[in-house]
Number of protein chains: 2
Amino acid sequence: MTAPASNPLLSDRDVDFQLYEVLDTEALCQLPAFADHSRETFTLFLDSTRRFARDVLLPTYRLMDNEPPSFRDGRVHVHPLMRKLYPQLVELGLLSATHPVEAGGQQLPITVYSLASAYLMAANLSAYGFIGLTSGAAHLIQAFGSPWLKDEFMARMYRGEWTGTMALTEPQAGSSLADVKTRATPAGDGTYRITGSKIFISGGDQDFTENVVHLTLARIEGAPAGTRGLSLFAVPARRPEGGRLVDNDVRVAGAIHKIGWKGLPSLALNYGEGGDCRGWLVGEAGKGLAHMFQMMNEARIMVGLNGVATASVAYHEALAYAQNRPQGRPAWEKDAARPQRPIIEHADVRRMLLRQKAIVEGGLSLLAAASWQADVAVHGKTEEERRRAGLLLDLLTPLAKTFPAEKGFEANALAVQVHGGYGYSSEYLPEAYLRDQKLNSIHEGTTGIQGLDLLGRKVMAAGGEAMRAFTEEVGATVERARKAGVEPAWGEALNRAQQEVVELTMELGAAGMAGEVERMLRHSADYMELFSVLAVSWRWLAQAAAAREGLARGGESRDFYEGKLAAAQYWLNTELPRVTHLVALCRSGEDSYTRMKPEWF
Amino acid sequence: MTAPASNPLLSDRDVDFQLYEVLDTEALCQLPAFADHSRETFTLFLDSTRRFARDVLLPTYRLMDNEPPSFRDGRVHVHPLMRKLYPQLVELGLLSATHPVEAGGQQLPITVYSLASAYLMAANLSAYGFIGLTSGAAHLIQAFGSPWLKDEFMARMYRGEWTGTMALTEPQAGSSLADVKTRATPAGDGTYRITGSKIFISGGDQDFTENVVHLTLARIEGAPAGTRGLSLFAVPARRPEGGRLVDNDVRVAGAIHKIGWKGLPSLALNYGEGGDCRGWLVGEAGKGLAHMFQMMNEARIMVGLNGVATASVAYHEALAYAQNRPQGRPAWEKDAARPQRPIIEHADVRRMLLRQKAIVEGGLSLLAAASWQADVAVHGKTEEERRRAGLLLDLLTPLAKTFPAEKGFEANALAVQVHGGYGYSSEYLPEAYLRDQKLNSIHEGTTGIQGLDLLGRKVMAAGGEAMRAFTEEVGATVERARKAGVEPAWGEALNRAQQEVVELTMELGAAGMAGEVERMLRHSADYMELFSVLAVSWRWLAQAAAAREGLARGGESRDFYEGKLAAAQYWLNTELPRVTHLVALCRSGEDSYTRMKPEWF
């Protein structure tokens with residue numbers, strides 16, 4: 001068996017397709033914020049990023065997977081390669097790529113940045129993880145911090161001198177942030193004394209920069225119970241004092257032995273055991289969770305990208321394996337004297353690969369669409385445009401976070417399966433990607449939490465305005481597909497499914513307003529599933545339209561477009577019909593797990 | 001958080017229910033072969049097995065998971081605990097429990113043995129793996145071997161002095177056994193000289209008994225290409241010569257680093273590198289694959305049991321966690337001043353647990369039903385009974401192998417998910433069970449191979465006789481449920497789905513007979529999926545009937561029966577309707593992955 005060619009991580013052709021054929025990312029340059037940009041500057045950024053991902057990051061992946069960080073003498077020692085990699089990642093401009101030039105950034109559209117960062121995640125998600133966390137934490141200070149915090153903390157973080165974390169979870173408070181107990185007591189000098197324990201803090205310590213700033217949720221003494229009593233603090237591991245850094249009494253209490261993302265430590269931290277931990281309030285007291293949601297929403301999109309990236313790198317691994325591994329012959333050709341055929345020729349292997357492609361590229365398209373709304377939400381020309389885009393982004397975020405996590409895990413399992421017995425061994429990479437992927441349904445809000453967020457909040461937002469905007473988007477795509485000459489049945493099926501979902505949503509919303517909250521939310525998992533299928537069907541119809549348009553233009557991409565149409569056909573014929581079943585289920589009142597009593601298990 | 005109580009592995013109440021309420025296992029004692037048995041002797045065996053599984057095996061699981069076998073100086077060193085465990089497992093009578101008393105066995109029904117062995121698999125699947133492989137290999141010699149082989153090899157294997165393996169796969173021949181290249185040359189003394197390479201040989205070497213016998217597929221010189229040129233050989237690692245054991249030139253060429261089943265080595269073996277490897281023909285030359293299918297079919301049922309067992313132990317882990325972990329409050333009770341509630345009270349957690357229960361107990365019921373047919377196929381009173389049971393066993397085998405592997409993996413992922421961030425760490429057990437489970441969709445015939453076997457062979461067998469027998473079984477269960485007072489809609493839905501599947505099967509069969517093999521087999525994966533859902537729905541309806549009967553009898557098991565009815569409701573309302581969607585898909589001719597060309601990916 002020949003070794004697979006080196007993994008492309010994502011298909012460049014597909015990334016270009018998503019940016020410039022499915023979406024019209026060049027049109028973003030008409031917005032004042034992006035006026036200095038052009039397809040050329042986007043390409044420069046994408047090319048340098050993907051080159052670095054392939055040439056530098058990917059070869060480090062397995063090394064870091066094999067040698068996770070160690071915890072010795074109260075300090076965490078990450079893989080020594082990070083000392084070299086982190087400055088290089090900073091050098092690429094990743095920490096503030098989407099921020100204004102005057103703030104040291106490149107003011108790139110998030111759409112471009114998202115797709116570029118997916119290469120880095122596919123190559124080595126842990127190494128990129130430090131960047132994502134630091135960037136998100138710095139952005140929180142940028143949005144809500146005092147000028148002093150910006151100068152002293154944020155600037156150093158953006159320059160790559162310090163890293164950052166988000167510190168929400170506590171042993172007794174994971175999904176339930178209302179139960180955060182970490183306390184903040186005014187120290188009299190404008191700072192607060194912080195005491196408490198956090199857990200699962202990604203990047204909570206490292207030894208490649210001199211400091212780490214924890215953006216920490218804590219409760220100021222006397223604040224009310226629940227989430228409205230939470231405030232946000234910047235709590236550095238070492239604090240500036242008298243022109244130098246002194247220990248700030250944040251101790252690493254232990255390391256979680258994660259099964260994936262092994263390059264990125266996940267830690268338990270104790271604040272103020274020695275009574276000397278200082279935190280700086282970020283933004284308004286009592287608004288901690290609201291502020292934190294900026295970072296959480298960015299992080300949820302990032303988790304979605306990680307899900308796509310992790311499924312993508314494994315898909316490309318499986319594809320290369322299937323093209324090169326000879327095994328067996330078609331069912332109707334049993335002559336064992338003839339040479340064996342590459343397994344990609346077997347229908348079931350092709351099914352597994354096409355399913356992976358549909359999940360990976362459908363997921364990428366969903367993330368690109370969400371990122372596009374993130375750009376317009378901030379930089380759109382009119383208030384109305386920005387508002388509409390903001391609502392769409394909010395609606396798409398739980399889907400963009402969850403679909404890649406859940407279906408990506410299935411895709412990753414298929415990549416193992418395509419490798420047969422070899423896939424079950426750590427001599428091959430797919431098992432590692434499968435382990436990595438599993439985290440994405442858990443961190444930054446579990447799939448269960450996302451389902452409650454989608455159904456209980458997002459689709460009901462602004463009196464149904466978000467849902468109406470989504471319906472318009474679907475309608476526009478159906479119209480585009482019709483004009484492009486896409487199989488009419490596909491658009492009709494999508495329209496029908498959309499209508500079914502709208503009706504279901506109104507019914508459930510009415511139940512909620514009538515006080516039947518349990519009934520409204522009972523099938524939130526099924527609702528998440530059906531809405532994910534619907535949203536990805538929307539993206540596949542958009543891709544089919546762009547592929548038809550491309551075929552009509554002629555040129556060299558015929559194979560690529562045919563592949564897109566086959567994947568669209570697969571998804572729209574195989575997955576989209578499931579929406580009807582799931583809508584019926586949500587509507588049926590099926591109550592087995594609500595009436596199931598703990599003692600019946 | 002309190003530590004979960006020690007894991008029960010499987011629910012004893014459920015095992016009793018499957019044996020004596022869903023099935024009538026005592027009725028097997030009316031067959032002459034089981035005349036000496038009674039519920040009391042079954043209970044004795046079950047009790048000693050489950051006690052050993054819980055008290056002795058389970059505590060060794062993580063130790064063996066953490067310290068996989070090492071390969072040094074050409075020998076494999078398994079975990080030192082195996083030196084103690086293996087004789088104890090032998091002492092329990094596991095190697096020949098189902099064999100006649102005169103052959104040293106206990107003549108237990110396979111039905112009883114299967115459910116007992118599931119405890120051992122749930123506790124430590126690798127330790128049990130050596131038993132399963134040795135028993136299967138010895139049974140092959142028992143069925144087809146010469147008296148000399150029985151005395152010299154089989155007897156020692158059954159006594160626990162030697163172990164056994166099945167050696168089919170080669171680097172170029174996994175799913176495609178037609179391409180096996182290992183050669184056998186008559187040595188002139190009745191033995192054969194064996195040369196070739198095998199890979200993925202589970203238990204292919206160990207250091208706790210003095211010898212290992214590899215039941216090996218090889219091609220006798222001059223034999224035709226393809227599977228009909230294969231013969232079966234017993235090839236010991238050390239051969240008896242002059243009253244002692246001498247090296248038989250089978251070299252361990254390397255060890256696969258599996259991601260689970262870590263206690264059981266998976267090896268590459270080279271036969272006859274030094275020109276001195278002897279093999280003994282087992283059965284008829286050219287019938288190797290047919291003979292081997294006895295072991296493979298037993299192994300497939302064993303894989304199914306492993307799948308159920310691995311999902312079960314993780315389910316019980318998740319259940320205990322959910323009962324003990326407080327987190328959050330119901331959506332309609334947001335007062336953060338009140339104490340948090342155990343997560344089992346959240347609808348979505350209960351959904352995840354109920355889904356696991358439905359998969360685990362539905363799978364166990366399917367394995368029990370298949371095992372029952374295995375008993376009747378051999379010991380049934382009439383030729384006709386035996387024949388019918390044999391056809392049903394053949395039909396159920398690919399389902400019983402695949403459903404627990406595929407849906408069990410989903411259940412295992414849910415067990416991780418219920419544990420939240422803790423589930424993603426190797427401080428908790430669910431991640432290990434998730435790794436273990438993944439093998440079951442790959443070994444002993446991948447899921448893809450099982451789909452082809454089911455649709456291309458099993459449902460078409462004997463002119464549709466197997467399918468008719470299955471339809472009768474479903475009909476009888478629907479009738480039993482009706483009489484017991486089970487919700488009539490459930491039985492009607494099952495009947496309808498059964499009818500849909502019969503019609504689809506006839507259509508596909510007609511296509512096959514018309515030479516359209518590609519079209520017949522195109523949706524074999526979807527067909528496997530829909531038939532699995534159907535078969536497990538049949539088992540859930542049977543369980544609902546038995547639960548209703550139990551409730552009518554009254555007594556102490558009310559909670560247990562209510563749980564059964566809720567799980568049946570969940571499965572029949574949530575999963576069974578998917579059959580209609582999948583039948584439509586198989587029928588539609590949907591051809592995306594068959595027309596997808598390799599260069600379109």
# chains A, B, ... in the order shown; residues from 1 in each chain; ligands from 1
call {"tool": "residues_around", "arguments": {"residues": "Gly448 (chain A)", "least_positions_apart": "4", "cutoff": "8 Å", "atoms": "only C-alpha atoms", "output": "PyMOL selection string"}}
result
(chain A and resi 452+524-525) or (chain B and resi 348)
call {"tool": "interface_residues", "arguments": {"of": "chain B", "to": "chain A", "cutoff": "6 Å", "atoms": "only C-alpha atoms", "output": "PDB file with N, CA, C and O atoms, in the first residue's frame"}}
result
ATOM      1  N   SER B 176     -11.587  -9.236   1.843  1.00  0.00           N
ATOM      2  CA  SER B 176     -11.528 -10.080   0.644  1.00  0.00           C
ATOM      3  C   SER B 176     -10.717 -11.339   0.907  1.00  0.00           C
ATOM      4  O   SER B 176      -9.536 -11.439   0.546  1.00  0.00           O
ATOM      5  N   ALA B 225      -7.676 -20.345  -7.412  1.00  0.00           N
ATOM      6  CA  ALA B 225      -7.772 -19.000  -6.829  1.00  0.00           C
ATOM      7  C   ALA B 225      -9.139 -18.847  -6.172  1.00  0.00           C
ATOM      8  O   ALA B 225     -10.033 -19.657  -6.392  1.00  0.00           O
ATOM      9  N   GLY B 226      -9.282 -17.807  -5.373  1.00  0.00           N
ATOM     10  CA  GLY B 226     -10.581 -17.512  -4.754  1.00  0.00           C
ATOM     11  C   GLY B 226     -10.802 -18.326  -3.493  1.00  0.00           C
ATOM     12  O   GLY B 226      -9.922 -19.061  -3.026  1.00  0.00           O
ATOM     13  N   HIS B 257      -0.968  -1.370  17.519  1.00  0.00           N
ATOM     14  CA  HIS B 257      -1.314  -0.571  18.692  1.00  0.00           C
ATOM     15  C   HIS B 257      -2.790  -0.199  18.609  1.00  0.00           C
ATOM     16  O   HIS B 257      -3.150   0.853  18.100  1.00  0.00           O
ATOM     17  N   LYS B 258      -3.602  -1.108  19.120  1.00  0.00           N
ATOM     18  CA  LYS B 258      -5.047  -0.876  19.087  1.00  0.00           C
ATOM     19  C   LYS B 258      -5.431   0.245  20.043  1.00  0.00           C
ATOM     20  O   LYS B 258      -4.773   0.461  21.051  1.00  0.00           O
ATOM     21  N   ILE B 259      -6.556   0.872  19.749  1.00  0.00           N
ATOM     22  CA  ILE B 259      -7.002   1.976  20.611  1.00  0.00           C
ATOM     23  C   ILE B 259      -7.908   1.479  21.736  1.00  0.00           C
ATOM     24  O   ILE B 259      -8.244   2.234  22.637  1.00  0.00           O
ATOM     25  N   GLY B 328     -27.701  22.375  37.869  1.00  0.00           N
ATOM     26  CA  GLY B 328     -28.806  23.126  37.301  1.00  0.00           C
ATOM     27  C   GLY B 328     -30.165  22.759  37.868  1.00  0.00           C
ATOM     28  O   GLY B 328     -30.278  21.981  38.822  1.00  0.00           O
ATOM     29  N   ALA B 336     -31.913  30.401  41.685  1.00  0.00           N
ATOM     30  CA  ALA B 336     -30.575  29.861  41.925  1.00  0.00           C
ATOM     31  C   ALA B 336     -30.272  29.694  43.407  1.00  0.00           C
ATOM     32  O   ALA B 336     -29.249  29.123  43.770  1.00  0.00           O
ATOM     33  N   ALA B 347     -34.715  16.763  31.196  1.00  0.00           N
ATOM     34  CA  ALA B 347     -35.328  15.959  30.127  1.00  0.00           C
ATOM     35  C   ALA B 347     -34.283  15.426  29.154  1.00  0.00           C
ATOM     36  O   ALA B 347     -34.340  14.262  28.746  1.00  0.00           O
ATOM     37  N   ARG B 350     -32.355  12.579  30.602  1.00  0.00           N
ATOM     38  CA  ARG B 350     -33.189  11.380  30.651  1.00  0.00           C
ATOM     39  C   ARG B 350     -33.357  10.781  29.251  1.00  0.00           C
ATOM     40  O   ARG B 350     -33.392   9.573  29.094  1.00  0.00           O
ATOM     41  N   ARG B 351     -33.456  11.660  28.247  1.00  0.00           N
ATOM     42  CA  ARG B 351     -33.514  11.173  26.864  1.00  0.00           C
ATOM     43  C   ARG B 351     -32.246  10.369  26.537  1.00  0.00           C
ATOM     44  O   ARG B 351     -32.313   9.261  26.005  1.00  0.00           O
ATOM     45  N   GLY B 420     -20.477  14.905  30.724  1.00  0.00           N
ATOM     46  CA  GLY B 420     -19.976  16.256  30.472  1.00  0.00           C
ATOM     47  C   GLY B 420     -18.462  16.258  30.319  1.00  0.00           C
ATOM     48  O   GLY B 420     -17.881  15.309  29.796  1.00  0.00           O
ATOM     49  N   TYR B 424     -14.886  13.404  29.082  1.00  0.00           N
ATOM     50  CA  TYR B 424     -13.808  13.549  28.104  1.00  0.00           C
ATOM     51  C   TYR B 424     -12.440  13.255  28.706  1.00  0.00           C
ATOM     52  O   TYR B 424     -11.424  13.406  28.058  1.00  0.00           O
ATOM     53  N   SER B 425     -12.428  12.832  29.960  1.00  0.00           N
ATOM     54  CA  SER B 425     -11.139  12.597  30.607  1.00  0.00           C
ATOM     55  C   SER B 425     -10.972  11.116  30.924  1.00  0.00           C
ATOM     56  O   SER B 425     -11.943  10.391  31.136  1.00  0.00           O
ATOM     57  N   SER B 426      -9.730  10.687  30.967  1.00  0.00           N
ATOM     58  CA  SER B 426      -9.455   9.283  31.270  1.00  0.00           C
ATOM     59  C   SER B 426      -9.472   9.035  32.775  1.00  0.00           C
ATOM     60  O   SER B 426      -9.138   7.958  33.233  1.00  0.00           O
ATOM     61  N   ILE B 442     -15.872  -3.298  12.966  1.00  0.00           N
ATOM     62  CA  ILE B 442     -14.772  -3.597  12.035  1.00  0.00           C
ATOM     63  C   ILE B 442     -14.423  -5.082  12.017  1.00  0.00           C
ATOM     64  O   ILE B 442     -14.326  -5.690  10.950  1.00  0.00           O
ATOM     65  N   ASP B 559     -41.834  -0.929  39.080  1.00  0.00           N
ATOM     66  CA  ASP B 559     -40.938   0.081  38.507  1.00  0.00           C
ATOM     67  C   ASP B 559     -40.197  -0.470  37.301  1.00  0.00           C
ATOM     68  O   ASP B 559     -40.048   0.203  36.279  1.00  0.00           O
ATOM     69  N   PHE B 560     -39.722  -1.684  37.453  1.00  0.00           N
ATOM     70  CA  PHE B 560     -38.979  -2.308  36.361  1.00  0.00           C
ATOM     71  C   PHE B 560     -39.849  -2.409  35.099  1.00  0.00           C
ATOM     72  O   PHE B 560     -39.426  -2.043  34.000  1.00  0.00           O
ATOM     73  N   GLY B 563     -40.515   0.931  33.464  1.00  0.00           N
ATOM     74  CA  GLY B 563     -39.338   1.347  32.705  1.00  0.00           C
ATOM     75  C   GLY B 563     -39.270   0.644  31.357  1.00  0.00           C
ATOM     76  O   GLY B 563     -38.926   1.249  30.334  1.00  0.00           O
ATOM     77  N   ALA B 566     -41.804   2.272  29.088  1.00  0.00           N
ATOM     78  CA  ALA B 566     -41.365   3.595  28.619  1.00  0.00           C
ATOM     79  C   ALA B 566     -40.295   3.450  27.536  1.00  0.00           C
ATOM     80  O   ALA B 566     -40.301   4.180  26.539  1.00  0.00           O
ATOM     81  N   TYR B 570     -40.541   4.618  23.725  1.00  0.00           N
ATOM     82  CA  TYR B 570     -39.513   5.458  23.097  1.00  0.00           C
ATOM     83  C   TYR B 570     -39.078   4.860  21.759  1.00  0.00           C
ATOM     84  O   TYR B 570     -39.072   5.530  20.731  1.00  0.00           O
ATOM     85  N   SER B 592     -26.715   8.671  -5.722  1.00  0.00           N
ATOM     86  CA  SER B 592     -25.603   9.630  -5.639  1.00  0.00           C
ATOM     87  C   SER B 592     -24.256   8.956  -5.475  1.00  0.00           C
ATOM     88  O   SER B 592     -23.292   9.309  -6.140  1.00  0.00           O
ATOM     89  N   TYR B 593     -24.169   7.960  -4.574  1.00  0.00           N
ATOM     90  CA  TYR B 593     -22.819   7.429  -4.345  1.00  0.00           C
ATOM     91  C   TYR B 593     -22.410   6.373  -5.341  1.00  0.00           C
ATOM     92  O   TYR B 593     -21.234   6.041  -5.437  1.00  0.00           O
ATOM     93  N   THR B 594     -23.378   5.820  -6.090  1.00  0.00           N
ATOM     94  CA  THR B 594     -22.921   4.914  -7.136  1.00  0.00           C
ATOM     95  C   THR B 594     -22.465   5.699  -8.365  1.00  0.00           C
ATOM     96  O   THR B 594     -21.536   5.298  -9.039  1.00  0.00           O
ATOM     97  N   TRP B 600     -14.380  12.916  -8.666  1.00  0.00           N
ATOM     98  CA  TRP B 600     -15.285  14.000  -8.258  1.00  0.00           C
ATOM     99  C   TRP B 600     -15.113  14.376  -6.784  1.00  0.00           C
ATOM    100  O   TRP B 600     -15.637  15.393  -6.347  1.00  0.00           O
ATOM    101  N   PHE B 601     -14.460  13.507  -6.021  1.00  0.00           N
ATOM    102  CA  PHE B 601     -14.329  13.812  -4.588  1.00  0.00           C
ATOM    103  C   PHE B 601     -13.417  15.013  -4.390  1.00  0.00           C
ATOM    104  O   PHE B 601     -12.524  15.254  -5.169  1.00  0.00           O
TER     105      PHE B 601
END
call {"tool": "residues_around", "arguments": {"residues": "Thr60 (chain A)", "least_positions_apart": "6", "cutoff": "10 Å", "atoms": "only C-alpha atoms", "output": "short mmCIF file (atom, residue, chain, number, x, y, z; two decimals) with C-alpha atoms, in the first residue's frame"}}
result
data_model
loop_
_atom_site.label_atom_id
_atom_site.label_comp_id
_atom_site.auth_asym_id
_atom_site.auth_seq_id
_atom_site.Cartn_x
_atom_site.Cartn_y
_atom_site.Cartn_z
CA ALA A 53 -0.79 24.81 8.46
CA HIS A 79 5.04 20.41 24.45
CA LEU A 81 7.42 22.71 20.20
CA MET A 82 4.97 25.36 21.38
CA LEU A 85 5.06 27.53 17.12
CA ALA A 123 -3.48 20.74 11.18
CA ASN A 124 -3.10 21.06 14.93
CA ALA A 127 -1.64 24.76 18.90
CA GLY A 263 -1.51 19.70 23.17
#
call {"tool": "atom_distance", "arguments": {"atom1": "CA of Phe17 (chain A)", "atom2": "CA of Ala370 (chain A)"}}
result
16.0 Å
call {"tool": "select_by_dssp", "arguments": {"residues": "region 221-395 of chain B", "states": "strand (DSSP E)", "output": "PyMOL selection string"}}
result
chain B and resi 230-236+238-241+244-247+250-255+266-271+278-282
call {"tool": "residues_around", "arguments": {"residues": "Glu221 (chain A)", "least_positions_apart": "4", "cutoff": "9 Å", "atoms": "only C-alpha atoms", "output": "JSON, numbers by chain"}}
result
{"A": [183, 184, 185, 186]}
call {"tool": "write_last_selection", "arguments": {"atoms": "N, CA, C and O atoms", "output": "PDB file, in the first residue's frame"}}
result
ATOM      1  N   ARG A 183     -15.571  34.164  44.414  1.00  0.00           N
ATOM      2  CA  ARG A 183     -15.950  35.440  45.030  1.00  0.00           C
ATOM      3  C   ARG A 183     -14.928  36.533  44.727  1.00  0.00           C
ATOM      4  O   ARG A 183     -13.739  36.271  44.585  1.00  0.00           O
ATOM      5  N   ALA A 184     -15.427  37.755  44.649  1.00  0.00           N
ATOM      6  CA  ALA A 184     -14.570  38.928  44.455  1.00  0.00           C
ATOM      7  C   ALA A 184     -14.886  39.939  45.553  1.00  0.00           C
ATOM      8  O   ALA A 184     -16.042  40.297  45.752  1.00  0.00           O
ATOM      9  N   THR A 185     -13.853  40.356  46.270  1.00  0.00           N
ATOM     10  CA  THR A 185     -14.045  41.306  47.372  1.00  0.00           C
ATOM     11  C   THR A 185     -13.251  42.571  47.055  1.00  0.00           C
ATOM     12  O   THR A 185     -12.054  42.479  46.775  1.00  0.00           O
ATOM     13  N   PRO A 186     -13.903  43.735  47.085  1.00  0.00           N
ATOM     14  CA  PRO A 186     -13.153  44.960  46.776  1.00  0.00           C
ATOM     15  C   PRO A 186     -11.927  45.076  47.685  1.00  0.00           C
ATOM     16  O   PRO A 186     -12.027  44.873  48.903  1.00  0.00           O
TER      17      PRO A 186
END
call {"tool": "closest_residue", "arguments": {"among": "B:Ile194, B:Met121, B:Ile220, B:Ala544", "to": "Asp249 (chain B)", "atoms": "only C-alpha atoms"}}
result
B:Ile194
